[in-house]
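Asks: A single structure is presented below for examination.
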Amino acid sequence: MFIIYFLVILLLPIYAQLKVKSTYKKFSRVPAEKGMTGAQVARMILDQHGLYDVRVVPTQGVLSDHYNPMTKTVALSEDNYYNSSLAGTAVAAHEVGHAIQHKEAYSFLTLRSKLVPVANISSNASWIFVLIGIFAQASGFLLLGIVLLAAGVLFQIVTLPVEFDASKRAMNEVVSLGIINNSEERSAKKVLSAAAMTYVAAAAVAVLELLRLILIYTNMRSDD
């Protein structure tokens, strides 16, 4: 049973990362028929929603694309920013989806933003208490570690609807604005689905690890 558990938490994230990288690589080589760069796609959708104050900027790295609500910036990796591809179109639209969520105060995005500082602190501190609790057989320390870890797990779970909704918005925008045609929709969805898999894998691993620790705590308490 332990071997199965170990393989799941080890291989699932690796598989998700390989999937998103291979899918992205494949469709980054497929030119978008309209010839729009990622920067142009992002700017077009932003302007359509009156988000003229949101900047679109290039950033270094591969798959480093993100939206920063603090600076109101859609940052696209240089390949996506300057080039025209189906992968770049999908990714750019997805990040703009987060900007639209921010404008509309999308509930799960608001909740995730509030959880960020809590998750950052708890994720760093939780394992200290967990390890003390396990090695010292101190159930109180272990319980505290579990509570802190649960905050990080909650963040992972809340991230899922945020990402799925951004992808849904992305597809709606690129289709309704004619950025992609009907024959390109399936490919764009594959890029977005592969990216979403990484968040699903992260959440699944986090939940499994939390459940394992809860089981250890329960056994520890029964032995007291």
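Following the order of the structure tokens, chains are lettered A, B, ..., residues in each are numbered from 1, and ligands are numbered from 1.
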I'd like the neighbourhood of A:Ala92 as a PyMOL selection string, where a residue qualifies if any of its atoms comes within 12 Å (using only C-alpha atoms), though same-chain residues fewer than 5 positions away should be ignored.
Replies: chain A and resi 36-46+56-58+63-67+73-87+97-99+166-167+169-171+173-174+179+188+191-192
Asks: Give me a file of those residues, with C-alpha atoms, as an mmCIF file, in the first residue's frame.
Replies:
```cif
data_model
loop_
_atom_site.group_PDB
_atom_site.id
_atom_site.type_symbol
_atom_site.label_atom_id
_atom_site.label_comp_id
_atom_site.auth_asym_id
_atom_site.auth_seq_id
_atom_site.Cartn_x
_atom_site.Cartn_y
_atom_site.Cartn_z
ATOM 1 C CA MET A 36 -1.592 37.243 -33.853
ATOM 2 C CA THR A 37 1.211 37.153 -31.307
ATOM 3 C CA GLY A 38 0.468 36.362 -27.687
ATOM 4 C CA ALA A 39 0.936 40.029 -26.833
ATOM 5 C CA GLN A 40 -1.628 41.045 -29.449
ATOM 6 C CA VAL A 41 -4.096 38.413 -28.247
ATOM 7 C CA ALA A 42 -3.770 39.566 -24.652
ATOM 8 C CA ARG A 43 -4.092 43.234 -25.548
ATOM 9 C CA MET A 44 -7.151 42.621 -27.728
ATOM 10 C CA ILE A 45 -9.032 40.728 -24.998
ATOM 11 C CA LEU A 46 -8.023 43.202 -22.295
ATOM 12 C CA VAL A 56 1.195 43.170 -21.209
ATOM 13 C CA VAL A 57 4.921 42.571 -20.826
ATOM 14 C CA PRO A 58 7.453 39.902 -21.836
ATOM 15 C CA LEU A 63 5.888 28.592 -19.229
ATOM 16 C CA SER A 64 6.599 31.510 -16.903
ATOM 17 C CA ASP A 65 3.404 33.265 -18.000
ATOM 18 C CA HIS A 66 1.325 34.769 -15.183
ATOM 19 C CA TYR A 67 -0.957 37.591 -14.133
ATOM 20 C CA THR A 73 0.428 43.040 -15.364
ATOM 21 C CA VAL A 74 -0.005 40.126 -17.748
ATOM 22 C CA ALA A 75 3.499 38.707 -18.123
ATOM 23 C CA LEU A 76 4.030 36.381 -21.085
ATOM 24 C CA SER A 77 7.129 34.281 -21.708
ATOM 25 C CA GLU A 78 9.102 35.757 -24.590
ATOM 26 C CA ASP A 79 8.147 32.981 -27.017
ATOM 27 C CA ASN A 80 4.466 33.607 -26.401
ATOM 28 C CA TYR A 81 4.804 37.381 -26.292
ATOM 29 C CA TYR A 82 6.611 37.843 -29.596
ATOM 30 C CA ASN A 83 5.520 34.814 -31.621
ATOM 31 C CA SER A 84 2.275 33.577 -33.126
ATOM 32 C CA SER A 85 1.273 30.034 -32.155
ATOM 33 C CA LEU A 86 -1.761 28.166 -30.918
ATOM 34 C CA ALA A 87 -0.020 27.488 -27.612
ATOM 35 C CA GLY A 97 -8.788 35.370 -17.938
ATOM 36 C CA HIS A 98 -7.231 35.990 -14.505
ATOM 37 C CA ALA A 99 -7.211 39.727 -15.165
ATOM 38 C CA ALA A 166 -9.722 31.269 -16.412
ATOM 39 C CA SER A 167 -9.413 28.590 -19.093
ATOM 40 C CA ARG A 169 -13.025 32.454 -20.098
ATOM 41 C CA ALA A 170 -10.009 32.115 -22.397
ATOM 42 C CA MET A 171 -11.818 29.789 -24.781
ATOM 43 C CA GLU A 173 -12.841 35.048 -25.656
ATOM 44 C CA VAL A 174 -10.690 33.583 -28.435
ATOM 45 C CA ILE A 179 -8.943 35.036 -32.636
ATOM 46 C CA ALA A 188 -6.305 25.291 -27.900
ATOM 47 C CA VAL A 191 -3.071 23.230 -24.276
ATOM 48 C CA LEU A 192 -5.351 24.544 -21.536
#
```
Asks: Pull the alpha helix (DSSP H) assignments for stretch 27-193 of chain A out of DSSP run on the backbone, and list those residues as a PyMOL selection string.
Replies: chain A and resi 27+38-48+78-82+86-103+107-135+139-176+182-193
Asks: Could you write out that same residue set with C-alpha atoms as an mmCIF file, in the first residue's frame?
Replies:
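Resulting contents of result.cif:
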```
data_model
loop_
_atom_site.group_PDB
_atom_site.id
_atom_site.type_symbol
_atom_site.label_atom_id
_atom_site.label_comp_id
_atom_site.auth_asym_id
_atom_site.auth_seq_id
_atom_site.Cartn_x
_atom_site.Cartn_y
_atom_site.Cartn_z
ATOM 1 C CA PHE A 27 1.421 23.446 -30.246
ATOM 2 C CA GLY A 38 0.468 36.362 -27.687
ATOM 3 C CA ALA A 39 0.936 40.029 -26.833
ATOM 4 C CA GLN A 40 -1.628 41.045 -29.449
ATOM 5 C CA VAL A 41 -4.096 38.413 -28.247
ATOM 6 C CA ALA A 42 -3.770 39.566 -24.652
ATOM 7 C CA ARG A 43 -4.092 43.234 -25.548
ATOM 8 C CA MET A 44 -7.151 42.621 -27.728
ATOM 9 C CA ILE A 45 -9.032 40.728 -24.998
ATOM 10 C CA LEU A 46 -8.023 43.202 -22.295
ATOM 11 C CA ASP A 47 -9.220 46.158 -24.355
ATOM 12 C CA GLN A 48 -12.460 44.338 -25.114
ATOM 13 C CA GLU A 78 9.102 35.757 -24.590
ATOM 14 C CA ASP A 79 8.147 32.981 -27.017
ATOM 15 C CA ASN A 80 4.466 33.607 -26.401
ATOM 16 C CA TYR A 81 4.804 37.381 -26.292
ATOM 17 C CA TYR A 82 6.611 37.843 -29.596
ATOM 18 C CA LEU A 86 -1.761 28.166 -30.918
ATOM 19 C CA ALA A 87 -0.020 27.488 -27.612
ATOM 20 C CA GLY A 88 0.839 31.160 -27.176
ATOM 21 C CA THR A 89 -2.700 32.210 -28.038
ATOM 22 C CA ALA A 90 -4.217 29.831 -25.475
ATOM 23 C CA VAL A 91 -1.759 30.758 -22.729
ATOM 24 C CA ALA A 92 -2.127 34.504 -23.309
ATOM 25 C CA ALA A 93 -5.918 34.262 -23.224
ATOM 26 C CA HIS A 94 -5.751 32.186 -20.037
ATOM 27 C CA GLU A 95 -3.655 34.780 -18.214
ATOM 28 C CA VAL A 96 -6.002 37.531 -19.351
ATOM 29 C CA GLY A 97 -8.788 35.370 -17.938
ATOM 30 C CA HIS A 98 -7.231 35.990 -14.505
ATOM 31 C CA ALA A 99 -7.211 39.727 -15.165
ATOM 32 C CA ILE A 100 -10.920 39.588 -15.978
ATOM 33 C CA GLN A 101 -11.512 37.596 -12.793
ATOM 34 C CA HIS A 102 -9.691 40.316 -10.870
ATOM 35 C CA LYS A 103 -11.822 43.041 -12.425
ATOM 36 C CA SER A 107 -14.997 34.933 -5.500
ATOM 37 C CA PHE A 108 -12.488 32.086 -5.681
ATOM 38 C CA LEU A 109 -9.728 34.415 -6.898
ATOM 39 C CA THR A 110 -10.461 36.769 -3.999
ATOM 40 C CA LEU A 111 -10.361 33.863 -1.564
ATOM 41 C CA ARG A 112 -7.114 32.537 -3.040
ATOM 42 C CA SER A 113 -5.499 35.977 -2.752
ATOM 43 C CA LYS A 114 -6.430 36.110 0.927
ATOM 44 C CA LEU A 115 -5.000 32.629 1.458
ATOM 45 C CA VAL A 116 -1.615 33.412 -0.141
ATOM 46 C CA PRO A 117 0.132 34.831 2.973
ATOM 47 C CA VAL A 118 -1.409 32.130 5.179
ATOM 48 C CA ALA A 119 -0.380 29.364 2.779
ATOM 49 C CA ASN A 120 3.167 30.727 2.456
ATOM 50 C CA ILE A 121 3.695 30.779 6.207
ATOM 51 C CA SER A 122 1.929 27.504 6.947
ATOM 52 C CA SER A 123 3.644 25.525 4.189
ATOM 53 C CA ASN A 124 7.060 26.483 5.522
ATOM 54 C CA ALA A 125 6.255 25.909 9.193
ATOM 55 C CA SER A 126 3.964 22.883 8.985
ATOM 56 C CA TRP A 127 6.626 20.255 8.302
ATOM 57 C CA ILE A 128 8.722 21.409 11.255
ATOM 58 C CA PHE A 129 5.867 20.534 13.612
ATOM 59 C CA VAL A 130 5.005 17.393 11.653
ATOM 60 C CA LEU A 131 8.540 16.036 11.913
ATOM 61 C CA ILE A 132 8.807 16.923 15.613
ATOM 62 C CA GLY A 133 5.458 15.283 16.220
ATOM 63 C CA ILE A 134 6.368 12.058 14.386
ATOM 64 C CA PHE A 135 9.899 11.577 15.697
ATOM 65 C CA SER A 139 0.623 14.180 18.972
ATOM 66 C CA GLY A 140 0.093 17.844 19.849
ATOM 67 C CA PHE A 141 2.933 18.982 17.601
ATOM 68 C CA LEU A 142 1.721 16.682 14.844
ATOM 69 C CA LEU A 143 -1.814 18.065 15.093
ATOM 70 C CA LEU A 144 -0.493 21.621 14.849
ATOM 71 C CA GLY A 145 1.490 20.633 11.768
ATOM 72 C CA ILE A 146 -1.611 19.074 10.221
ATOM 73 C CA VAL A 147 -3.662 22.222 10.839
ATOM 74 C CA LEU A 148 -0.979 24.391 9.221
ATOM 75 C CA LEU A 149 -0.644 21.984 6.317
ATOM 76 C CA ALA A 150 -4.414 22.015 5.836
ATOM 77 C CA ALA A 151 -4.222 25.737 5.071
ATOM 78 C CA GLY A 152 -1.851 24.988 2.208
ATOM 79 C CA VAL A 153 -4.091 22.192 0.977
ATOM 80 C CA LEU A 154 -7.059 24.559 1.024
ATOM 81 C CA PHE A 155 -5.065 26.963 -1.131
ATOM 82 C CA GLN A 156 -4.382 24.178 -3.639
ATOM 83 C CA ILE A 157 -8.047 23.217 -3.764
ATOM 84 C CA VAL A 158 -9.249 26.810 -4.177
ATOM 85 C CA THR A 159 -6.754 27.232 -7.017
ATOM 86 C CA LEU A 160 -8.581 24.626 -9.108
ATOM 87 C CA PRO A 161 -11.794 26.585 -9.821
ATOM 88 C CA VAL A 162 -9.681 29.707 -10.407
ATOM 89 C CA GLU A 163 -7.651 27.992 -13.108
ATOM 90 C CA PHE A 164 -10.577 26.146 -14.680
ATOM 91 C CA ASP A 165 -12.616 29.340 -14.835
ATOM 92 C CA ALA A 166 -9.722 31.269 -16.412
ATOM 93 C CA SER A 167 -9.413 28.590 -19.093
ATOM 94 C CA LYS A 168 -13.148 28.685 -19.738
ATOM 95 C CA ARG A 169 -13.025 32.454 -20.098
ATOM 96 C CA ALA A 170 -10.009 32.115 -22.397
ATOM 97 C CA MET A 171 -11.818 29.789 -24.781
ATOM 98 C CA ASN A 172 -14.918 31.977 -24.795
ATOM 99 C CA GLU A 173 -12.841 35.048 -25.656
ATOM 100 C CA VAL A 174 -10.690 33.583 -28.435
ATOM 101 C CA VAL A 175 -13.769 32.052 -30.073
ATOM 102 C CA SER A 176 -16.147 35.000 -29.714
ATOM 103 C CA ASN A 182 -13.289 26.340 -35.448
ATOM 104 C CA SER A 183 -10.524 24.008 -36.602
ATOM 105 C CA GLU A 184 -8.163 25.426 -33.955
ATOM 106 C CA GLU A 185 -10.487 25.150 -30.955
ATOM 107 C CA ARG A 186 -9.632 21.536 -30.153
ATOM 108 C CA SER A 187 -5.896 22.247 -30.140
ATOM 109 C CA ALA A 188 -6.305 25.291 -27.900
ATOM 110 C CA LYS A 189 -8.356 23.220 -25.452
ATOM 111 C CA LYS A 190 -5.600 20.585 -25.334
ATOM 112 C CA VAL A 191 -3.071 23.230 -24.276
ATOM 113 C CA LEU A 192 -5.351 24.544 -21.536
ATOM 114 C CA SER A 193 -6.303 21.056 -20.322
#
```
Asks: Just give me the gap between atom CA of A:Asp53 and atom CA of A:Pro69 in Å, one decimal is fine.
Replies: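 Atom CA of A:Pro69 lies at a distance of 11.5 Å from atom CA of A:Asp53.
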Asks: Quick one, how far is atom CA of A:Leu208 from atom CA of A:Ile9?
Replies: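 Between atom CA of A:Leu208 and atom CA of A:Ile9 the gap is 7.8 Å.
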Asks: Taking 4 positions as the minimum chain separation for residues in the same chain, which residues sit within 12 Å of A:Phe6 when counting only C-alpha atoms? Answer as a list in words.
Replies: Met1, Phe2, Leu10, Leu11, Leu12, Pro13, Val205, Leu208, Glu209 and Arg212 of chain A
Asks: Let's have the selection written as an mmCIF file, in the first residue's frame, with N, CA and C atoms.
Replies:
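The resulting file, part_6.cif, is reproduced below:
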```cif
data_model
loop_
_atom_site.group_PDB
_atom_site.id
_atom_site.type_symbol
_atom_site.label_atom_id
_atom_site.label_comp_id
_atom_site.auth_asym_id
_atom_site.auth_seq_id
_atom_site.Cartn_x
_atom_site.Cartn_y
_atom_site.Cartn_z
ATOM 1 N N MET A 1 0.837 -1.202 0.000
ATOM 2 C CA MET A 1 0.000 0.000 0.000
ATOM 3 C C MET A 1 0.876 1.258 0.000
ATOM 4 N N PHE A 2 1.947 1.191 0.811
ATOM 5 C CA PHE A 2 2.851 2.336 0.889
ATOM 6 C C PHE A 2 3.518 2.592 -0.453
ATOM 7 N N LEU A 10 4.722 10.589 -6.218
ATOM 8 C CA LEU A 10 5.958 10.867 -6.942
ATOM 9 C C LEU A 10 5.721 11.010 -8.442
ATOM 10 N N LEU A 11 4.945 10.091 -9.002
ATOM 11 C CA LEU A 11 4.794 10.040 -10.454
ATOM 12 C C LEU A 11 3.721 10.978 -10.998
ATOM 13 N N LEU A 12 2.670 11.226 -10.219
ATOM 14 C CA LEU A 12 1.581 12.075 -10.716
ATOM 15 C C LEU A 12 2.052 13.480 -11.083
ATOM 16 N N PRO A 13 2.788 14.171 -10.203
ATOM 17 C CA PRO A 13 3.278 15.500 -10.590
ATOM 18 C C PRO A 13 4.242 15.456 -11.767
ATOM 19 N N VAL A 205 -2.003 15.414 -4.720
ATOM 20 C CA VAL A 205 -0.867 15.026 -3.877
ATOM 21 C C VAL A 205 -0.982 15.669 -2.496
ATOM 22 N N LEU A 208 -3.687 13.839 -0.492
ATOM 23 C CA LEU A 208 -3.226 12.517 -0.077
ATOM 24 C C LEU A 208 -2.240 12.611 1.083
ATOM 25 N N GLU A 209 -1.355 13.563 1.009
ATOM 26 C CA GLU A 209 -0.364 13.727 2.081
ATOM 27 C C GLU A 209 -1.039 14.148 3.383
ATOM 28 N N ARG A 212 -2.722 11.130 4.870
ATOM 29 C CA ARG A 212 -1.735 10.212 5.454
ATOM 30 C C ARG A 212 -1.339 10.678 6.851
#
```
Asks: What is the distance, in Å and to one decimal place, between atom CA of A:Ile214 and atom CA of A:Tyr199?
Replies: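 We find that atom CA of A:Ile214 and atom CA of A:Tyr199 lie 22.6 Å from each other.
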